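Just data_38.txt here, compact mmCIF, C-alpha atoms:
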```txt
# COMPACT_ATOMS: atom_id res chain seq x y z
CA MET B 1 -13.05 -71.68 -43.36
CA LYS B 2 -9.52 -70.64 -42.28
CA ALA B 3 -10.51 -67.00 -42.49
CA ASN B 4 -13.50 -67.67 -40.23
CA LEU B 5 -11.30 -69.46 -37.71
CA ARG B 6 -8.78 -66.61 -37.77
CA GLY B 7 -11.65 -64.15 -37.20
CA ILE B 8 -12.96 -66.14 -34.26
CA ALA B 9 -9.47 -66.42 -32.76
CA LEU B 10 -8.90 -62.68 -33.16
CA ALA B 11 -12.26 -61.87 -31.52
CA ALA B 12 -11.47 -64.20 -28.61
CA THR B 13 -8.05 -62.58 -28.20
CA LEU B 14 -9.61 -59.11 -28.13
CA VAL B 15 -12.17 -60.20 -25.51
CA LEU B 16 -9.41 -61.70 -23.35
CA ALA B 17 -7.28 -58.58 -23.78
CA ALA B 18 -10.19 -56.34 -22.80
CA GLY B 19 -10.88 -58.49 -19.77
CA PHE B 20 -7.20 -58.38 -18.79
CA ALA B 21 -7.08 -54.60 -19.25
CA GLN B 22 -10.19 -54.21 -17.09
CA ALA B 23 -8.70 -56.47 -14.41
CA GLN B 24 -5.54 -54.36 -14.46
CA ASP B 25 -7.80 -51.35 -14.02
CA ILE B 26 -9.00 -52.62 -10.60
CA GLN B 27 -6.60 -52.33 -7.67
CA GLN B 28 -6.75 -54.11 -4.32
CA ARG B 29 -8.52 -51.58 -2.06
CA VAL B 30 -10.27 -51.55 1.33
CA ILE B 31 -13.11 -49.02 1.48
CA LYS B 32 -14.09 -47.85 4.96
CA PHE B 33 -17.86 -47.25 4.94
CA GLY B 34 -19.11 -45.56 8.11
CA HIS B 35 -22.63 -44.68 9.21
CA LEU B 36 -24.61 -43.83 12.33
CA ASN B 37 -27.04 -46.74 12.47
CA ASN B 38 -26.94 -50.10 14.22
CA THR B 39 -26.38 -53.34 12.31
CA ASP B 40 -30.08 -54.25 12.48
CA HIS B 41 -31.05 -51.04 10.66
CA PRO B 42 -31.91 -50.92 6.90
CA VAL B 43 -28.95 -48.58 6.20
CA SER B 44 -26.62 -51.32 7.45
CA MET B 45 -28.48 -53.83 5.26
CA GLY B 46 -27.94 -51.51 2.31
CA VAL B 47 -24.21 -51.32 3.06
CA HIS B 48 -24.03 -55.14 3.17
CA LYS B 49 -25.77 -55.43 -0.21
CA PHE B 50 -23.49 -52.73 -1.65
CA ALA B 51 -20.41 -54.56 -0.32
CA GLU B 52 -21.56 -57.85 -1.90
CA LEU B 53 -22.14 -56.18 -5.26
CA VAL B 54 -18.79 -54.34 -5.19
CA ALA B 55 -16.94 -57.57 -4.33
CA ALA B 56 -18.71 -59.48 -7.13
CA LYS B 57 -18.15 -56.79 -9.75
CA SER B 58 -14.47 -56.34 -8.84
CA GLY B 59 -13.56 -60.01 -8.56
CA GLY B 60 -12.98 -59.51 -4.85
CA LYS B 61 -10.39 -56.75 -5.30
CA LEU B 62 -12.54 -53.97 -3.85
CA LYS B 63 -13.51 -54.76 -0.26
CA VAL B 64 -16.09 -52.63 1.60
CA GLN B 65 -15.58 -52.62 5.36
CA GLU B 66 -18.59 -51.44 7.39
CA PHE B 67 -18.23 -49.22 10.48
CA PRO B 68 -21.77 -48.90 11.94
CA SER B 69 -23.15 -47.21 15.08
CA SER B 70 -21.11 -43.98 14.86
CA THR B 71 -17.86 -45.89 15.45
CA LEU B 72 -16.08 -43.45 13.11
CA GLY B 73 -17.70 -40.42 14.74
CA ASN B 74 -20.90 -38.42 14.45
CA GLU B 75 -22.32 -37.22 11.13
CA LEU B 76 -20.21 -34.06 10.93
CA GLN B 77 -17.02 -35.81 12.04
CA GLN B 78 -17.48 -38.44 9.32
CA GLN B 79 -18.24 -35.73 6.76
CA SER B 80 -14.96 -34.02 7.68
CA ALA B 81 -13.10 -37.34 7.45
CA LEU B 82 -14.43 -37.88 3.93
CA GLN B 83 -13.45 -34.37 2.89
CA GLY B 84 -9.95 -34.98 4.29
CA GLY B 85 -9.59 -38.35 2.57
CA VAL B 86 -9.24 -40.23 5.88
CA GLN B 87 -12.51 -42.17 5.36
CA GLU B 88 -13.72 -43.42 1.98
CA MET B 89 -17.52 -43.64 2.28
CA SER B 90 -20.53 -42.83 4.48
CA ALA B 91 -24.33 -42.74 4.23
CA PRO B 92 -25.63 -39.89 6.39
CA ALA B 93 -29.06 -38.33 6.30
CA THR B 94 -29.17 -35.56 3.69
CA THR B 95 -29.96 -33.14 6.53
CA SER B 96 -26.30 -33.19 7.59
CA LEU B 97 -25.22 -31.63 4.27
CA ALA B 98 -27.20 -28.40 4.65
CA GLY B 99 -24.23 -26.86 6.43
CA ILE B 100 -22.05 -27.07 3.30
CA VAL B 101 -24.70 -26.96 0.55
CA LYS B 102 -27.63 -25.02 1.96
CA GLU B 103 -29.98 -26.11 -0.86
CA PHE B 104 -30.10 -29.60 0.69
CA GLY B 105 -32.52 -27.91 3.08
CA LEU B 106 -35.15 -28.34 0.35
CA VAL B 107 -35.28 -32.06 1.18
CA ASP B 108 -36.16 -31.15 4.79
CA PHE B 109 -39.16 -28.94 4.05
CA PRO B 110 -42.08 -30.17 6.19
CA PHE B 111 -45.13 -31.93 4.73
CA THR B 112 -43.80 -31.69 1.16
CA VAL B 113 -44.22 -35.23 -0.21
CA ALA B 114 -47.14 -37.47 0.64
CA ASN B 115 -45.73 -40.90 -0.22
CA PHE B 116 -42.64 -42.86 -1.20
CA ALA B 117 -43.30 -42.63 -4.94
CA GLN B 118 -43.23 -38.83 -4.76
CA ALA B 119 -40.09 -38.86 -2.60
CA ASP B 120 -38.21 -41.20 -4.95
CA ALA B 121 -39.19 -39.18 -8.03
CA LEU B 122 -38.04 -35.94 -6.39
CA LEU B 123 -34.65 -37.29 -5.30
CA ASP B 124 -33.88 -39.51 -8.32
CA GLY B 125 -34.88 -36.77 -10.77
CA PRO B 126 -33.46 -33.38 -11.78
CA LEU B 127 -33.57 -31.90 -8.26
CA GLY B 128 -31.52 -34.71 -6.73
CA GLN B 129 -28.98 -34.53 -9.56
CA ALA B 130 -28.66 -30.74 -9.19
CA LEU B 131 -27.98 -31.13 -5.45
CA ILE B 132 -25.44 -33.91 -6.06
CA ALA B 133 -23.66 -31.71 -8.62
CA LYS B 134 -22.87 -29.16 -5.88
CA LEU B 135 -20.94 -31.65 -3.72
CA PRO B 136 -17.61 -32.25 -5.56
CA GLU B 137 -16.48 -28.67 -4.87
CA LYS B 138 -17.03 -29.48 -1.17
CA GLY B 139 -14.81 -32.57 -1.34
CA LEU B 140 -17.63 -35.12 -1.67
CA VAL B 141 -19.08 -37.30 -4.44
CA ALA B 142 -22.61 -38.76 -4.13
CA LEU B 143 -23.78 -42.04 -5.66
CA GLY B 144 -27.50 -41.59 -5.03
CA PHE B 145 -30.15 -41.61 -2.32
CA TRP B 146 -31.28 -44.43 -0.03
CA ASP B 147 -34.38 -44.55 2.17
CA LEU B 148 -34.50 -43.46 5.79
CA GLY B 149 -38.27 -42.91 5.97
CA PHE B 150 -40.86 -40.43 7.13
CA ARG B 151 -39.88 -38.78 10.41
CA ASN B 152 -42.16 -38.98 13.45
CA VAL B 153 -42.12 -37.46 16.92
CA THR B 154 -41.64 -39.34 20.18
CA THR B 155 -42.03 -37.78 23.64
CA SER B 156 -41.96 -38.73 27.28
CA LYS B 157 -44.73 -36.24 28.22
CA HIS B 158 -47.76 -36.56 25.95
CA PRO B 159 -48.76 -37.57 22.41
CA ILE B 160 -48.65 -35.13 19.50
CA THR B 161 -52.07 -34.87 17.88
CA ARG B 162 -51.93 -31.21 16.77
CA ALA B 163 -49.40 -28.41 16.40
CA GLU B 164 -50.17 -27.00 19.83
CA ASP B 165 -48.96 -30.22 21.49
CA LEU B 166 -45.40 -29.28 20.54
CA ASP B 167 -45.59 -25.98 22.44
CA GLY B 168 -42.74 -25.77 24.97
CA LEU B 169 -41.37 -29.28 24.37
CA LYS B 170 -37.59 -29.66 24.43
CA LEU B 171 -37.14 -31.63 21.23
CA ARG B 172 -33.83 -32.90 19.91
CA VAL B 173 -33.41 -32.08 16.24
CA ILE B 174 -30.64 -32.55 13.70
CA PRO B 175 -28.30 -29.53 13.72
CA ASN B 176 -29.90 -28.09 10.62
CA PRO B 177 -31.42 -24.59 10.06
CA VAL B 178 -34.66 -25.83 8.43
CA PHE B 179 -35.37 -28.24 11.30
CA LEU B 180 -34.60 -25.62 13.93
CA ASP B 181 -36.84 -22.97 12.39
CA THR B 182 -39.65 -25.43 11.60
CA PHE B 183 -39.98 -26.57 15.22
CA LYS B 184 -39.65 -23.02 16.46
CA ALA B 185 -42.68 -22.23 14.28
CA PHE B 186 -44.55 -24.90 16.25
CA LYS B 187 -43.36 -23.16 19.47
CA ALA B 188 -41.24 -26.12 20.50
CA ASN B 189 -37.80 -25.65 22.01
CA PRO B 190 -35.59 -27.43 19.43
CA VAL B 191 -32.25 -28.66 20.75
CA PRO B 192 -29.60 -29.42 18.07
CA MET B 193 -27.59 -32.48 19.07
CA PRO B 194 -25.51 -35.22 17.41
CA PHE B 195 -27.41 -38.48 17.06
CA ALA B 196 -24.84 -40.43 19.11
CA GLU B 197 -25.72 -38.33 22.19
CA LEU B 198 -29.49 -38.68 21.85
CA TYR B 199 -30.32 -41.79 23.89
CA ASN B 200 -28.53 -40.46 26.98
CA ALA B 201 -30.23 -37.08 26.60
CA LEU B 202 -33.65 -38.76 26.49
CA GLU B 203 -32.81 -41.01 29.45
CA SER B 204 -31.62 -38.09 31.59
CA LYS B 205 -34.61 -35.96 30.52
CA ALA B 206 -32.25 -33.32 29.13
CA VAL B 207 -34.76 -33.34 26.25
CA ASP B 208 -38.44 -34.34 26.27
CA GLY B 209 -38.48 -35.97 22.88
CA GLN B 210 -37.02 -36.36 19.42
CA GLU B 211 -38.09 -37.07 15.85
CA ASN B 212 -36.93 -39.92 13.60
CA PRO B 213 -38.32 -42.64 11.33
CA PHE B 214 -39.96 -45.63 13.04
CA ALA B 215 -37.10 -48.04 12.19
CA VAL B 216 -34.55 -45.69 13.83
CA ILE B 217 -36.74 -45.35 16.94
CA LEU B 218 -36.96 -49.13 17.24
CA SER B 219 -33.34 -49.96 16.40
CA ASN B 220 -32.03 -47.47 18.98
CA LYS B 221 -34.42 -48.63 21.71
CA PHE B 222 -35.94 -45.21 22.27
CA TYR B 223 -39.00 -47.08 23.57
CA GLU B 224 -36.97 -47.58 26.77
CA VAL B 225 -36.88 -43.81 27.42
CA GLN B 226 -39.95 -42.51 25.54
CA LYS B 227 -43.63 -43.22 26.13
CA TYR B 228 -45.43 -41.80 23.09
CA VAL B 229 -44.83 -42.19 19.36
CA SER B 230 -46.91 -39.97 17.08
CA ALA B 231 -47.13 -40.48 13.31
CA THR B 232 -46.58 -36.86 12.34
CA ASN B 233 -44.87 -37.87 9.06
CA HIS B 234 -43.60 -34.30 8.97
CA VAL B 235 -40.54 -34.85 6.75
CA TYR B 236 -39.44 -37.55 4.35
CA ALA B 237 -35.83 -38.39 5.19
CA ALA B 238 -33.27 -39.90 2.86
CA ASN B 239 -29.73 -41.12 3.29
CA ILE B 240 -27.16 -40.12 0.69
CA VAL B 241 -24.33 -42.44 -0.33
CA LEU B 242 -21.16 -40.36 -0.16
CA VAL B 243 -17.59 -40.98 -1.32
CA SER B 244 -14.53 -38.94 -0.42
CA LYS B 245 -13.56 -36.96 -3.53
CA LYS B 246 -9.88 -37.42 -2.64
CA PHE B 247 -10.45 -41.18 -2.75
CA TRP B 248 -12.72 -41.00 -5.82
CA ASP B 249 -10.10 -39.13 -7.82
CA LYS B 250 -7.63 -42.00 -7.25
CA LEU B 251 -10.00 -44.55 -8.82
CA SER B 252 -9.85 -45.77 -12.39
CA PRO B 253 -12.92 -45.35 -14.63
CA THR B 254 -13.65 -49.07 -14.16
CA GLU B 255 -13.54 -48.78 -10.37
CA LYS B 256 -15.76 -45.70 -10.42
CA LYS B 257 -18.31 -47.55 -12.56
CA ILE B 258 -18.29 -50.52 -10.17
CA LEU B 259 -19.06 -48.30 -7.18
CA SER B 260 -21.69 -46.27 -9.04
CA ASP B 261 -23.48 -49.33 -10.42
CA ALA B 262 -23.38 -51.13 -7.06
CA ALA B 263 -24.86 -48.11 -5.24
CA ILE B 264 -27.76 -47.88 -7.68
CA GLU B 265 -28.42 -51.64 -7.56
CA ALA B 266 -28.26 -51.63 -3.77
CA ARG B 267 -30.70 -48.70 -3.67
CA ALA B 268 -33.71 -50.74 -4.81
CA TYR B 269 -32.97 -53.43 -2.23
CA GLN B 270 -32.31 -50.93 0.56
CA ARG B 271 -35.51 -48.98 -0.09
CA GLN B 272 -37.54 -52.19 -0.08
CA VAL B 273 -36.16 -53.48 3.23
CA SER B 274 -36.33 -50.01 4.81
CA ARG B 275 -39.99 -49.52 3.99
CA GLU B 276 -40.88 -53.02 5.11
CA ALA B 277 -39.03 -52.38 8.39
CA ALA B 278 -41.00 -49.16 8.93
CA ARG B 279 -44.29 -51.03 8.47
CA LYS B 280 -43.29 -53.63 11.04
CA ALA B 281 -41.73 -51.19 13.50
CA VAL B 282 -45.01 -49.59 14.63
CA GLY B 283 -46.38 -52.88 15.95
CA GLU B 284 -43.07 -53.70 17.61
CA LEU B 285 -42.92 -50.30 19.31
CA GLU B 286 -46.45 -50.83 20.64
CA ALA B 287 -45.46 -54.31 21.86
CA LYS B 288 -42.55 -52.67 23.73
CA GLY B 289 -45.04 -50.43 25.55
CA MET B 290 -45.13 -47.24 23.51
CA LYS B 291 -48.48 -45.53 22.91
CA TYR B 292 -49.00 -44.89 19.20
CA ASN B 293 -51.26 -42.33 17.57
CA GLU B 294 -51.74 -40.86 14.11
CA VAL B 295 -52.02 -37.20 13.14
CA SER B 296 -54.95 -36.52 10.83
CA PRO B 297 -54.36 -35.34 7.24
CA ALA B 298 -56.30 -32.15 8.05
CA GLU B 299 -53.99 -31.39 10.97
CA GLN B 300 -50.93 -32.14 8.85
CA ALA B 301 -52.22 -29.63 6.29
CA ARG B 302 -52.70 -27.06 9.07
CA MET B 303 -49.17 -27.70 10.32
CA ARG B 304 -47.83 -27.20 6.78
CA GLN B 305 -49.46 -23.77 6.72
CA ILE B 306 -47.97 -22.89 10.12
CA ALA B 307 -44.51 -23.77 8.77
CA LYS B 308 -45.00 -22.02 5.40
CA PRO B 309 -43.27 -18.75 6.45
CA VAL B 310 -40.21 -20.84 7.32
CA THR B 311 -40.07 -22.57 3.94
CA ASP B 312 -40.73 -19.29 2.13
CA LYS B 313 -37.78 -17.69 3.95
CA PHE B 314 -35.39 -20.47 2.94
CA LEU B 315 -36.64 -20.58 -0.66
CA ALA B 316 -35.75 -16.91 -0.98
CA SER B 317 -32.15 -17.61 0.12
CA TYR B 318 -31.41 -20.62 -2.11
CA ASP B 319 -29.96 -20.84 -5.62
CA PRO B 320 -32.86 -19.67 -7.86
CA ALA B 321 -32.10 -22.30 -10.52
CA ILE B 322 -32.42 -25.13 -7.99
CA VAL B 323 -35.53 -23.58 -6.44
CA LYS B 324 -37.09 -23.47 -9.92
CA LEU B 325 -36.30 -27.17 -10.43
CA TYR B 326 -37.77 -27.97 -7.03
CA THR B 327 -41.02 -26.05 -7.50
CA GLU B 328 -41.58 -27.35 -11.04
CA GLN B 329 -40.90 -30.97 -10.10
CA LEU B 330 -43.00 -30.78 -6.96
CA SER B 331 -45.89 -29.26 -8.90
CA GLN B 332 -45.77 -32.16 -11.36
CA LEU B 333 -45.66 -34.75 -8.59
CA GLN B 334 -48.58 -33.28 -6.68
CA LYS B 335 -50.96 -33.21 -9.68
```

Could you render the structure as structure tokens?
Amino acid sequence: MKANLRGIALAATLVLAAGFAQAQDIQQRVIKFGHLNNTDHPVSMGVHKFAELVAAKSGGKLKVQEFPSSTLGNELQQQSALQGGVQEMSAPATTSLAGIVKEFGLVDFPFTVANFAQADALLDGPLGQALIAKLPEKGLVALGFWDLGFRNVTTSKHPITRAEDLDGLKLRVIPNPVFLDTFKAFKANPVPMPFAELYNALESKAVDGQENPFAVILSNKFYEVQKYVSATNHVYAANIVLVSKKFWDKLSPTEKKILSDAAIEARAYQRQVSREAARKAVGELEAKGMKYNEVSPAEQARMRQIAKPVTDKFLASYDPAIVKLYTEQLSQLQK
């Protein structure tokens, strides 16, 4: 009996010691988490969920402080701040990373995935992990992919029902080579521009239109300066949860696990609210006065063929090992 009691006491002591050691392994830290979207956008909702999870898992020692609406700068300014260790976290669109890891352009290939299940499998699988593995040498660590949604075109001039409707339109695009060349293939005049400058450019008619997911179009009130919204669904867009490597390297293994686990748990929630928001956004945009139209699957297939020389060109310039992963995984998903 005494031996059993001693065993129980020893086990309890070890559990308490482990808990104390883990607590010692977590420092008081404030994590600045910046992004481009407004507080009513699903990315902001994802950051809130992530912050709640981090606080709970760290006993309140790790505090995530949100900086929405480009308050810490545009996508490239925040990327630079992370690389310099001035900012701890951000959640930009993956498109913004093509300038430092060109293979992220694979995510931007037009008309590649047909639905959310295919998109999630592509990004959460071997391809996504291979892309993430290229970031630490660039001063960044990624904790996974969140949902931004399928991108669609808005214009002030006319709806987009076929490729020819893009001919001559001044269209703001993300400063990204794949986007630029894709819209050039459609004979548009793509204008690279930071997101924070977009509303004013649309209002002043410096550009005729832009392309973004429905929830972004609604949240940023583009319905005030655009008349037509066309469901082109030309690219599936994802956000990537980034951490400054300089900050990451200061963290204990326990702290790293807390952030990693919280990002993955928040992902399921964020994707759910983002996709629900996209479903609701179309009706709300119409209620605000925008004219909505869909692009037929046959026309989308034709547009994919028009853009094929662009994707072929980029495939030839990317890391062959990653291209092989991409083509094999995509082939499996499309069966």

Quote the spacing between CA of Asn212 (chain B) and CA of Thr327 (chain B) in Å to one decimal place.
25.6 Å

Determine the nearest neighbour of Leu140 (chain B) from the options B:Val310, B:Leu122, B:Ala188, B:Val241, counting all atoms listed in the file.
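That would be B:Val241, the residue with the smallest distance to Leu140 (chain B).
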
Rows by chain and residue number, region 89-206 of chain B within 12 Å of region 272-280 of chain B, shortest pair, all atoms listed in the file, as a tab-separated table:
```
residue	atom	partner	partner_atom	distance
B:Asn115	CA	B:Arg275	CA	11.2
B:Phe116	CA	B:Arg275	CA	8.8
B:Ala117	CA	B:Arg275	CA	11.8
B:Trp146	CA	B:Ser274	CA	8.9
B:Asp147	CA	B:Ser274	CA	6.4
B:Leu148	CA	B:Ser274	CA	6.9
B:Gly149	CA	B:Arg275	CA	7.1
B:Phe150	CA	B:Ala278	CA	8.9
B:Arg151	CA	B:Ala278	CA	10.5
B:Asn152	CA	B:Ala278	CA	11.2
```

What does the structure give for the distance between CA of Gly59 (chain B) and CA of Ser260 (chain B), in Å to one decimal?
16.0 Å

Measure the distance from CA of Thr311 (chain B) to CA of Tyr236 (chain B) in Å and round it to one decimal.
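Computing the Euclidean distance for CA of Thr311 (chain B) and CA of Tyr236 (chain B) yields 15.0 Å.
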
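Closest to Val113 (chain B) among B:His234, B:Lys308, B:Lys227, B:Lys61 is B:His234, based on all atoms listed in the file.
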
Give one line per residue of region 184-277 of chain B that approaches region 290-299 of chain B to at most 10 Å, naming the two atoms of the closest pair and their distance in Å to one decimal, counting all atoms listed in the file; sort by chain then ascending residue number and deliver it as a Markdown table.
```
| residue | atom | partner | partner_atom | distance |
| --- | --- | --- | --- | --- |
| B:Phe222 | CA | B:Met290 | CA | 9.5 |
| B:Tyr223 | CA | B:Met290 | CA | 6.1 |
| B:Glu224 | CA | B:Met290 | CA | 8.8 |
| B:Val225 | CA | B:Met290 | CA | 9.8 |
| B:Gln226 | CA | B:Met290 | CA | 7.3 |
| B:Lys227 | CA | B:Met290 | CA | 5.0 |
| B:Tyr228 | CA | B:Lys291 | CA | 4.8 |
| B:Val229 | CA | B:Tyr292 | CA | 5.0 |
| B:Ser230 | CA | B:Asn293 | CA | 5.0 |
| B:Ala231 | CA | B:Glu294 | CA | 4.7 |
| B:Thr232 | CA | B:Val295 | CA | 5.5 |
| B:Asn233 | CA | B:Val295 | CA | 8.3 |
| B:His234 | CA | B:Val295 | CA | 9.8 |
```

Interface rows for region 152-214 of chain B against region 75-79 of chain B: nearest pair, Å to one decimal, 12 Å, only C-alpha atoms, as a Markdown table:
```
| residue | atom | partner | partner_atom | distance |
| --- | --- | --- | --- | --- |
| B:Ile174 | CA | B:Glu75 | CA | 9.9 |
| B:Pro175 | CA | B:Leu76 | CA | 9.7 |
| B:Asn176 | CA | B:Leu76 | CA | 11.4 |
| B:Met193 | CA | B:Glu75 | CA | 10.6 |
| B:Pro194 | CA | B:Glu75 | CA | 7.3 |
| B:Phe195 | CA | B:Glu75 | CA | 7.9 |
| B:Ala196 | CA | B:Glu75 | CA | 9.0 |
| B:Glu197 | CA | B:Glu75 | CA | 11.6 |
```

Dump as a PDB file with C-alpha atoms, in the frame of the given file all residues having an atom at most 12 Å from (-30.0, -33.1, -6.2), computed in the file's coordinates with only C-alpha atoms.
```pdb
ATOM      1  CA  THR B  94     -29.170 -35.560   3.690  1.00  0.00           C
ATOM      2  CA  LEU B  97     -25.220 -31.630   4.270  1.00  0.00           C
ATOM      3  CA  VAL B 101     -24.700 -26.960   0.550  1.00  0.00           C
ATOM      4  CA  LYS B 102     -27.630 -25.020   1.960  1.00  0.00           C
ATOM      5  CA  GLU B 103     -29.980 -26.110  -0.860  1.00  0.00           C
ATOM      6  CA  PHE B 104     -30.100 -29.600   0.690  1.00  0.00           C
ATOM      7  CA  GLY B 105     -32.520 -27.910   3.080  1.00  0.00           C
ATOM      8  CA  LEU B 106     -35.150 -28.340   0.350  1.00  0.00           C
ATOM      9  CA  VAL B 107     -35.280 -32.060   1.180  1.00  0.00           C
ATOM     10  CA  ASP B 120     -38.210 -41.200  -4.950  1.00  0.00           C
ATOM     11  CA  ALA B 121     -39.190 -39.180  -8.030  1.00  0.00           C
ATOM     12  CA  LEU B 122     -38.040 -35.940  -6.390  1.00  0.00           C
ATOM     13  CA  LEU B 123     -34.650 -37.290  -5.300  1.00  0.00           C
ATOM     14  CA  ASP B 124     -33.880 -39.510  -8.320  1.00  0.00           C
ATOM     15  CA  GLY B 125     -34.880 -36.770 -10.770  1.00  0.00           C
ATOM     16  CA  PRO B 126     -33.460 -33.380 -11.780  1.00  0.00           C
ATOM     17  CA  LEU B 127     -33.570 -31.900  -8.260  1.00  0.00           C
ATOM     18  CA  GLY B 128     -31.520 -34.710  -6.730  1.00  0.00           C
ATOM     19  CA  GLN B 129     -28.980 -34.530  -9.560  1.00  0.00           C
ATOM     20  CA  ALA B 130     -28.660 -30.740  -9.190  1.00  0.00           C
ATOM     21  CA  LEU B 131     -27.980 -31.130  -5.450  1.00  0.00           C
ATOM     22  CA  ILE B 132     -25.440 -33.910  -6.060  1.00  0.00           C
ATOM     23  CA  ALA B 133     -23.660 -31.710  -8.620  1.00  0.00           C
ATOM     24  CA  LYS B 134     -22.870 -29.160  -5.880  1.00  0.00           C
ATOM     25  CA  LEU B 135     -20.940 -31.650  -3.720  1.00  0.00           C
ATOM     26  CA  VAL B 141     -19.080 -37.300  -4.440  1.00  0.00           C
ATOM     27  CA  ALA B 142     -22.610 -38.760  -4.130  1.00  0.00           C
ATOM     28  CA  LEU B 143     -23.780 -42.040  -5.660  1.00  0.00           C
ATOM     29  CA  GLY B 144     -27.500 -41.590  -5.030  1.00  0.00           C
ATOM     30  CA  PHE B 145     -30.150 -41.610  -2.320  1.00  0.00           C
ATOM     31  CA  ALA B 238     -33.270 -39.900   2.860  1.00  0.00           C
ATOM     32  CA  ILE B 240     -27.160 -40.120   0.690  1.00  0.00           C
ATOM     33  CA  ALA B 321     -32.100 -22.300 -10.520  1.00  0.00           C
ATOM     34  CA  ILE B 322     -32.420 -25.130  -7.990  1.00  0.00           C
ATOM     35  CA  VAL B 323     -35.530 -23.580  -6.440  1.00  0.00           C
ATOM     36  CA  LEU B 325     -36.300 -27.170 -10.430  1.00  0.00           C
ATOM     37  CA  TYR B 326     -37.770 -27.970  -7.030  1.00  0.00           C
ATOM     38  CA  GLN B 329     -40.900 -30.970 -10.100  1.00  0.00           C
TER      39      GLN B 329
END
```

B:Pro213, B:Pro253, B:Pro190, B:Pro110: which is nearest Arg302 (chain B), counting all atoms listed in the file?
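Ranking B:Pro213, B:Pro253, B:Pro190, B:Pro110 by distance to Arg302 (chain B), first place goes to B:Pro110.
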
I'd like the box whose edges run along x, y and z of the file and which contains every listed atom of region 90-100 of chain B, padded by 5 Å per side; could you state its centre and edge lengths in Å, one decimal, as AutoDock Vina command-line options?
```
--center_x -25.2 --center_y -34.8 --center_z 5.4 --size_x 19.4 --size_y 26.0 --size_z 14.3
```

Near Ala263 (chain B), counting all atoms listed in the file, which residues have an atom at most 7 Å away, once you skip same-chain residues fewer than 4 positions from it, shown as a list of chain:residue names?
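The residues that qualify are B:Phe50, B:Leu143, B:Leu259, B:Arg267.
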